[in-house]
>>> print(open('my_file_18.pdb').read())   # PDB, C-alpha atoms
ATOM      1  CA  MET A  51      15.204  16.975  -6.316
ATOM      2  CA  PRO A  52      13.184  13.699  -6.157
ATOM      3  CA  ARG A  53       9.892  14.092  -4.291
ATOM      4  CA  ALA A  54      10.697  11.346  -1.747
ATOM      5  CA  ILE A  55      13.938  13.103  -0.749
ATOM      6  CA  SER A  56      12.131  16.430  -0.430
ATOM      7  CA  ALA A  57       9.545  14.752   1.794
ATOM      8  CA  TRP A  58      12.296  13.218   3.932
ATOM      9  CA  LEU A  59      13.917  16.619   4.371
ATOM     10  CA  GLY A  60      10.539  17.973   5.434
ATOM     11  CA  LEU A  61      10.359  15.636   8.452
ATOM     12  CA  PRO A  62      11.374  16.789  11.931
ATOM     13  CA  TRP A  63      15.078  16.060  12.381
ATOM     14  CA  ARG A  64      14.543  13.222  14.888
ATOM     15  CA  ALA A  65      12.006  11.440  12.658
ATOM     16  CA  ARG A  66      14.279  12.061   9.670
ATOM     17  CA  TRP A  67      17.209  10.184  11.212
ATOM     18  CA  GLN A  68      15.036   7.437  12.670
ATOM     19  CA  TRP A  69      13.682   6.764   9.192
ATOM     20  CA  ALA A  70      17.155   6.928   7.653
ATOM     21  CA  GLY A  71      18.413   4.465  10.254
ATOM     22  CA  ARG A  72      15.631   2.070   9.342
ATOM     23  CA  LYS A  73      16.566   2.271   5.671
ATOM     24  CA  VAL A  74      20.215   1.568   6.428
ATOM     25  CA  GLY A  75      19.130  -1.443   8.458
ATOM     26  CA  GLU A  76      17.115  -2.711   5.509
ATOM     27  CA  LEU A  77      20.163  -2.476   3.242
ATOM     28  CA  LEU A  78      22.368  -4.292   5.739
ATOM     29  CA  ARG A  79      19.819  -7.114   5.950
ATOM     30  CA  GLY A  80      19.605  -7.338   2.175
ATOM     31  CA  GLY A  81      16.201  -5.684   2.106
ATOM     32  CA  ASP A  82      14.245  -8.954   2.130
ATOM     33  CA  ARG A  83      12.386  -8.304   5.376
ATOM     34  CA  ILE A  84      11.459  -5.082   7.125
ATOM     35  CA  ASP A  85      10.833  -5.513  10.832
ATOM     36  CA  THR A  86       9.017  -2.285  11.681
ATOM     37  CA  PRO A  87       5.620  -1.764  13.374
ATOM     38  CA  ASP A  88       3.871  -0.962  10.104
ATOM     39  CA  ARG A  89       5.240  -4.041   8.316
ATOM     40  CA  VAL A  90       4.329  -6.196  11.315
ATOM     41  CA  ILE A  91       0.697  -5.137  10.938
ATOM     42  CA  LEU A  92       0.787  -5.616   7.180
ATOM     43  CA  GLU A  93       2.531  -9.006   7.227
ATOM     44  CA  ARG A  94       1.052 -10.524  10.401
ATOM     45  CA  GLU A  95      -2.455  -9.084  10.402
ATOM     46  CA  VAL A  96      -3.631  -7.616   7.099
ATOM     47  CA  LEU A  97      -2.291 -10.142   4.592
ATOM     48  CA  PRO A  98      -2.838 -13.306   6.733
ATOM     49  CA  ALA A  99      -6.435 -12.260   7.423
ATOM     50  CA  LEU A 100      -7.117 -11.783   3.735
ATOM     51  CA  ALA A 101      -5.332 -15.018   2.815
ATOM     52  CA  ALA A 102      -7.407 -16.950   5.368
ATOM     53  CA  ASP A 103     -10.677 -15.794   3.823
ATOM     54  CA  PRO A 104     -11.962 -18.758   1.775
ATOM     55  CA  SER A 105     -14.074 -16.436  -0.370
ATOM     56  CA  LEU A 106     -11.029 -14.460  -1.532
ATOM     57  CA  ARG A 107     -10.230 -15.518  -5.076
ATOM     58  CA  SER A 108      -8.154 -12.552  -6.237
ATOM     59  CA  LEU A 109      -6.021  -9.983  -4.409
ATOM     60  CA  LEU A 110      -4.179  -7.151  -6.119
ATOM     61  CA  PHE A 111      -1.061  -5.995  -4.253
ATOM     62  CA  VAL A 112       0.179  -2.584  -5.397
ATOM     63  CA  GLY A 113       3.861  -1.707  -5.087
ATOM     64  CA  CYS A 114       6.637  -4.293  -5.260
ATOM     65  CA  GLY A 115      10.145  -4.568  -3.868
ATOM     66  CA  ARG A 116      12.640  -7.116  -2.656
ATOM     67  CA  TYR A 117      10.869  -7.056   0.690
ATOM     68  CA  THR A 118       7.510  -8.139  -0.834
ATOM     69  CA  ARG A 119       8.700 -11.265  -2.662
ATOM     70  CA  HIS A 120       7.716 -13.606   0.172
ATOM     71  CA  TYR A 121       4.088 -12.428   0.220
ATOM     72  CA  ALA A 122       3.091 -14.947  -2.431
ATOM     73  CA  ALA A 123       3.740 -17.771   0.062
ATOM     74  CA  MET A 124       0.742 -16.564   2.079
ATOM     75  CA  PHE A 125      -1.621 -17.121  -0.822
ATOM     76  CA  ARG A 126      -1.913 -20.709  -1.996
ATOM     77  CA  PRO A 127      -2.368 -21.389  -4.800
ATOM     78  CA  ALA A 128      -0.774 -17.987  -5.390
ATOM     79  CA  THR A 129      -1.070 -18.314  -9.162
ATOM     80  CA  GLU A 130      -4.832 -17.943  -8.807
ATOM     81  CA  ARG A 131      -5.186 -15.685  -5.770
ATOM     82  CA  LEU A 132      -2.432 -13.062  -5.974
ATOM     83  CA  ARG A 133      -1.646 -10.425  -8.562
ATOM     84  CA  THR A 134       0.893  -7.601  -8.292
ATOM     85  CA  LEU A 135       1.190  -4.174  -9.877
ATOM     86  CA  ASP A 136       3.921  -1.544  -9.993
ATOM     87  CA  ILE A 137       4.466   1.375 -12.332
ATOM     88  CA  ASP A 138       8.252   0.847 -12.363
ATOM     89  CA  PRO A 139       9.237  -1.871 -14.883
ATOM     90  CA  ARG A 140      12.442  -2.521 -12.916
ATOM     91  CA  ARG A 141      10.346  -3.848 -10.053
ATOM     92  CA  ALA A 142       8.618  -6.484 -12.167
ATOM     93  CA  ARG A 143      11.237  -9.017 -11.023
ATOM     94  CA  TYR A 144       9.784  -8.725  -7.524
ATOM     95  CA  GLY A 145       6.225  -9.223  -8.705
ATOM     96  CA  HIS A 146       4.199 -12.382  -8.998
ATOM     97  CA  THR A 147       3.044 -14.338 -12.045
ATOM     98  CA  GLY A 148       0.814 -12.082 -14.119
ATOM     99  CA  HIS A 149       2.471  -8.954 -12.740
ATOM    100  CA  LEU A 150       1.194  -5.715 -14.259
ATOM    101  CA  VAL A 151       3.515  -2.859 -15.156
ATOM    102  CA  ALA A 152       1.053  -0.006 -14.903
ATOM    103  CA  ALA A 153      -0.064   2.940 -12.844
ATOM    104  CA  LEU A 154      -2.813   2.278 -10.341
ATOM    105  CA  GLN A 155      -4.735   5.101 -12.013
ATOM    106  CA  ASP A 156      -4.993   2.871 -15.113
ATOM    107  CA  VAL A 157      -5.673  -0.500 -13.490
ATOM    108  CA  ASP A 158      -9.226  -0.562 -14.869
ATOM    109  CA  ARG A 159      -7.699  -0.707 -18.372
ATOM    110  CA  HIS A 160      -5.885  -3.936 -17.507
ATOM    111  CA  LEU A 161      -8.328  -5.893 -15.333
ATOM    112  CA  PRO A 162     -12.036  -6.681 -15.865
ATOM    113  CA  ALA A 163     -14.636  -4.804 -13.880
ATOM    114  CA  ALA A 164     -15.464  -6.243 -10.441
ATOM    115  CA  SER A 165     -12.877  -9.010 -10.891
ATOM    116  CA  VAL A 166     -10.826  -8.415  -7.719
ATOM    117  CA  ASP A 167     -11.842  -9.307  -4.163
ATOM    118  CA  ALA A 168      -9.280  -7.117  -2.387
ATOM    119  CA  VAL A 169      -6.724  -4.420  -3.147
ATOM    120  CA  VAL A 170      -3.794  -3.630  -0.859
ATOM    121  CA  CYS A 171      -2.138  -0.335  -1.744
ATOM    122  CA  ASN A 172       0.688   0.362   0.699
ATOM    123  CA  GLY A 173       3.159   3.223   0.391
ATOM    124  CA  VAL A 174       1.898   4.551  -2.941
ATOM    125  CA  TYR A 175       0.143   7.705  -1.756
ATOM    126  CA  GLY A 176       3.163   9.855  -0.880
ATOM    127  CA  PHE A 177       5.548   7.763  -3.014
ATOM    128  CA  GLY A 178       4.377   8.291  -6.593
ATOM    129  CA  ILE A 179       0.868   9.630  -6.070
ATOM    130  CA  TYR A 180       0.946  13.022  -4.380
ATOM    131  CA  ASP A 181      -1.975  15.226  -5.393
ATOM    132  CA  ARG A 182      -5.688  14.905  -4.776
ATOM    133  CA  GLU A 183      -6.748  14.367  -8.384
ATOM    134  CA  GLU A 184      -4.226  11.593  -9.021
ATOM    135  CA  LEU A 185      -5.280   9.826  -5.832
ATOM    136  CA  ALA A 186      -8.922  10.211  -6.853
ATOM    137  CA  LYS A 187      -8.166   8.604 -10.233
ATOM    138  CA  ALA A 188      -6.339   5.731  -8.541
ATOM    139  CA  LEU A 189      -9.164   5.066  -6.096
ATOM    140  CA  ARG A 190     -11.859   5.287  -8.770
ATOM    141  CA  ALA A 191      -9.934   2.844 -10.965
ATOM    142  CA  SER A 192      -9.484   0.517  -7.991
ATOM    143  CA  CYS A 193     -13.208   0.630  -7.256
ATOM    144  CA  ALA A 194     -13.925  -0.256 -10.874
ATOM    145  CA  VAL A 195     -11.976  -3.530 -10.653
ATOM    146  CA  LEU A 196     -13.008  -4.278  -7.061
ATOM    147  CA  ARG A 197     -16.144  -6.308  -6.561
ATOM    148  CA  PRO A 198     -18.978  -4.750  -4.536
ATOM    149  CA  GLY A 199     -18.196  -5.385  -0.878
ATOM    150  CA  GLY A 200     -14.534  -6.055  -1.681
ATOM    151  CA  THR A 201     -11.787  -4.787   0.629
ATOM    152  CA  PHE A 202      -9.442  -1.896  -0.063
ATOM    153  CA  VAL A 203      -6.477  -1.235   2.258
ATOM    154  CA  LEU A 204      -4.579   2.032   1.935
ATOM    155  CA  GLY A 205      -1.232   2.371   3.726
ATOM    156  CA  TRP A 206       0.141   5.903   3.925
ATOM    157  CA  ASN A 207       2.379   8.165   6.031
ATOM    158  CA  ASP A 208       0.306  10.605   8.080
ATOM    159  CA  VAL A 209       2.776  13.495   8.125
ATOM    160  CA  PRO A 210       2.531  16.616   5.923
ATOM    161  CA  ALA A 211       5.863  15.893   4.262
ATOM    162  CA  PHE A 212       4.366  12.817   2.577
ATOM    163  CA  ALA A 213       0.604  13.361   2.793
ATOM    164  CA  PRO A 214      -0.542  16.942   2.203
ATOM    165  CA  PHE A 215      -4.184  15.927   2.826
ATOM    166  CA  ASP A 216      -6.148  13.209   4.601
ATOM    167  CA  PRO A 217      -7.248  10.688   1.933
ATOM    168  CA  LEU A 218     -10.584   9.895   3.642
ATOM    169  CA  GLU A 219     -12.696  12.397   1.716
ATOM    170  CA  VAL A 220     -11.200  11.264  -1.598
ATOM    171  CA  ALA A 221     -11.819   7.614  -0.741
ATOM    172  CA  LEU A 222     -15.464   8.222   0.159
ATOM    173  CA  ALA A 223     -16.028  10.194  -3.043
ATOM    174  CA  ALA A 224     -14.531   7.326  -5.077
ATOM    175  CA  GLY A 225     -17.147   4.885  -3.766
ATOM    176  CA  LEU A 226     -15.412   3.378  -0.740
ATOM    177  CA  VAL A 227     -16.920   2.970   2.726
ATOM    178  CA  ARG A 228     -14.994   2.763   5.994
ATOM    179  CA  ASP A 229     -14.842  -0.754   7.425
ATOM    180  CA  ALA A 230     -13.440  -1.967  10.767
ATOM    181  CA  ALA A 231     -13.806  -5.712  10.226
ATOM    182  CA  LEU A 232     -10.217  -6.412   9.149
ATOM    183  CA  LEU A 233      -8.233  -4.671  11.911
ATOM    184  CA  GLY A 234     -10.871  -3.807  14.503
ATOM    185  CA  SER A 235     -10.795  -0.165  13.445
ATOM    186  CA  TRP A 236     -11.083   1.374  10.014
ATOM    187  CA  ARG A 237      -7.961   3.470  10.710
ATOM    188  CA  VAL A 238      -4.859   2.160  12.509
ATOM    189  CA  VAL A 239      -1.879   4.459  13.147
ATOM    190  CA  THR A 240       1.434   2.717  13.820
ATOM    191  CA  ASP A 241       4.224   3.811  16.140
ATOM    192  CA  THR A 242       6.635   4.859  13.399
ATOM    193  CA  PRO A 243       8.482   8.149  12.713
ATOM    194  CA  THR A 244       6.179   8.872   9.768
ATOM    195  CA  ARG A 245       2.964   7.733  11.559
ATOM    196  CA  HIS A 246       2.375   5.058   8.934
ATOM    197  CA  THR A 247      -1.365   4.506   8.820
ATOM    198  CA  PHE A 248      -3.633   1.767   7.495
ATOM    199  CA  ASP A 249      -7.127   2.731   6.334
ATOM    200  CA  THR A 250      -9.527  -0.115   5.570
ATOM    201  CA  TYR A 251     -12.518   0.308   3.286
ATOM    202  CA  ILE A 252     -14.962  -1.783   1.326
ATOM    203  CA  ARG A 253     -16.450  -0.895  -2.026
ATOM    204  CA  ALA A 254     -20.006   0.344  -1.612
ATOM    205  CA  ARG A 255     -22.549  -1.994  -3.119
TER     206      ARG A 255
END
>>> encode(input="my_file_18.pdb", output="structure tokens")
Amino acid sequence: MPRAISAWLGLPWRARWQWAGRKVGELLRGGDRIDTPDRVILEREVLPALAADPSLRSLLFVGCGRYTRHYAAMFRPATERLRTLDIDPRRARYGHTGHLVAALQDVDRHLPAASVDAVVCNGVYGFGIYDREELAKALRASCAVLRPGGTFVLGWNDVPAFAPFDPLEVALAAGLVRDAALLGSWRVVTDTPTRHTFDTYIRAR
């Protein structure tokens, strides 16, 4: 049984059907936009704040889908400021110019050291990366390509079915430091059935 389905079955029944209802709604809308509290924070706070930073030259967005295609419009000129990555080659069509088909654990093999100003990794821990060691590899590789002081945003579902452990300790060990500048708090928990959470860090200098 696929891990995502097993995780869904592990949710309390009310949260399970709320989440399923959201997914059905996405399909009915064509999947281009997701109007949920977590996506509102991502699309109206996290990404616009990063895009408005004049010092941001390069952002790596991890995880692509039909619902992420419009993100490039926030970053102009997007050809210079935005890069996308997804391990699934079928999702390359939703990526941006220069899209990387690779695992986040291997991103340091594809991008130069300290060449990225920000990394946004939303919905990867719990949807492809599940255990502590794989998450540690992904965060260490991200730190390698992130410039000192650069921003790292981790979006994850804070329920045992998707996240068997809090990623904070792993993030700190990888060289990240908690930072509240982007959202006013280093950790923001959204009002969603899976308690989707945004953790904001910077790479230690």
>>> closest_residue(input="my_file_18.pdb", among="A:Thr242, A:Thr247, A:Gln155, A:Asn207", to="A:Leu185", atoms="only C-alpha atoms")
A:Gln155
>>> resolve_selection(input="my_file_18.pdb", expression="the PyMOL selection byres ((chain A and resi 232-238) around 6)", output="count of residues only")
9
>>> closest_residue(input="my_file_18.pdb", among="A:Phe215, A:Tyr180, A:Tyr175, A:Phe111", to="A:His146", atoms="all atoms listed in the file")
A:Phe111
>>> resolve_selection(input="my_file_18.pdb", expression="the PyMOL selection byres ((chain A and resi 118-128) around 9)", output="short mmCIF file (atom, residue, chain, number, x, y, z; two decimals) with C-alpha atoms, in the coordinates of the input")
data_model
loop_
_atom_site.label_atom_id
_atom_site.label_comp_id
_atom_site.auth_asym_id
_atom_site.auth_seq_id
_atom_site.Cartn_x
_atom_site.Cartn_y
_atom_site.Cartn_z
CA ASP A 82 14.24 -8.95 2.13
CA ARG A 83 12.39 -8.30 5.38
CA GLU A 93 2.53 -9.01 7.23
CA LEU A 97 -2.29 -10.14 4.59
CA PRO A 98 -2.84 -13.31 6.73
CA LEU A 100 -7.12 -11.78 3.74
CA ALA A 101 -5.33 -15.02 2.82
CA ALA A 102 -7.41 -16.95 5.37
CA GLY A 113 3.86 -1.71 -5.09
CA CYS A 114 6.64 -4.29 -5.26
CA GLY A 115 10.14 -4.57 -3.87
CA ARG A 116 12.64 -7.12 -2.66
CA TYR A 117 10.87 -7.06 0.69
CA THR A 129 -1.07 -18.31 -9.16
CA GLU A 130 -4.83 -17.94 -8.81
CA ARG A 131 -5.19 -15.68 -5.77
CA LEU A 132 -2.43 -13.06 -5.97
CA ARG A 133 -1.65 -10.42 -8.56
CA TYR A 144 9.78 -8.72 -7.52
CA GLY A 145 6.22 -9.22 -8.70
CA HIS A 146 4.20 -12.38 -9.00
CA THR A 147 3.04 -14.34 -12.04
#
>>> atom_distance(input="my_file_18.pdb", atom1="atom CA of A:Ile252", atom2="atom CA of A:Val90")
22.2 Å
>>> residues_near_point(input="my_file_18.pdb", point="(-2.9, 8.1, -8.4)", cutoff="12 Å", atoms="only C-alpha atoms", output="PyMOL selection string")
chain A and resi 112+136-137+152-157+171+173-192+217+220-221
>>> atom_distance(input="my_file_18.pdb", atom1="atom CA of A:Ala224", atom2="atom CA of A:Ser165")
17.4 Å
>>> residues_around(input="my_file_18.pdb", residues="A:Pro87", least_positions_apart="2", cutoff="7 Å", atoms="only C-alpha atoms", output="VMD selection string")
chain A and resid 85 89 to 91 240 to 242
>>> atom_distance(input="my_file_18.pdb", atom1="atom CA of A:Val203", atom2="atom CA of A:Leu110")
10.5 Å
>>> axis_aligned_box(input="my_file_18.pdb", around="stretch 227-242 of chain A", padding_each_side="4 Å", output="JSON")
{"center_x": -5.1, "center_y": -0.8, "center_z": 9.4, "size_x": 31.6, "size_y": 19.3, "size_z": 21.4}
>>> residues_around(input="my_file_18.pdb", residues="A:Arg255", least_positions_apart="4", cutoff="10 Å", atoms="all atoms listed in the file", output="VMD selection string")
chain A and resid 197 to 200 225 to 227
>>> closest_residue(input="my_file_18.pdb", among="A:Arg140, A:Ala99, A:His160, A:Thr86", to="A:Arg245", atoms="only C-alpha atoms")
A:Thr86
>>> resolve_selection(input="my_file_18.pdb", expression="the PyMOL selection byres ((chain A and resi 150) around 7)", output="MDAnalysis selection string")
chainID A and resid 134:136 148:149 151:152
>>> write_last_selection(input="my_file_18.pdb", atoms="C-alpha atoms", output="PDB file, keeping the file's coordinate frame")
ATOM      1  CA  THR A 134       0.893  -7.601  -8.292  1.00  0.00           C
ATOM      2  CA  LEU A 135       1.190  -4.174  -9.877  1.00  0.00           C
ATOM      3  CA  ASP A 136       3.921  -1.544  -9.993  1.00  0.00           C
ATOM      4  CA  GLY A 148       0.814 -12.082 -14.119  1.00  0.00           C
ATOM      5  CA  HIS A 149       2.471  -8.954 -12.740  1.00  0.00           C
ATOM      6  CA  VAL A 151       3.515  -2.859 -15.156  1.00  0.00           C
ATOM      7  CA  ALA A 152       1.053  -0.006 -14.903  1.00  0.00           C
TER       8      ALA A 152
END
>>> residues_near_point(input="my_file_18.pdb", point="(-14.7, -2.8, -10.0)", cutoff="6 Å", atoms="only C-alpha atoms", output="PyMOL selection string")
chain A and resi 163-164+193-197
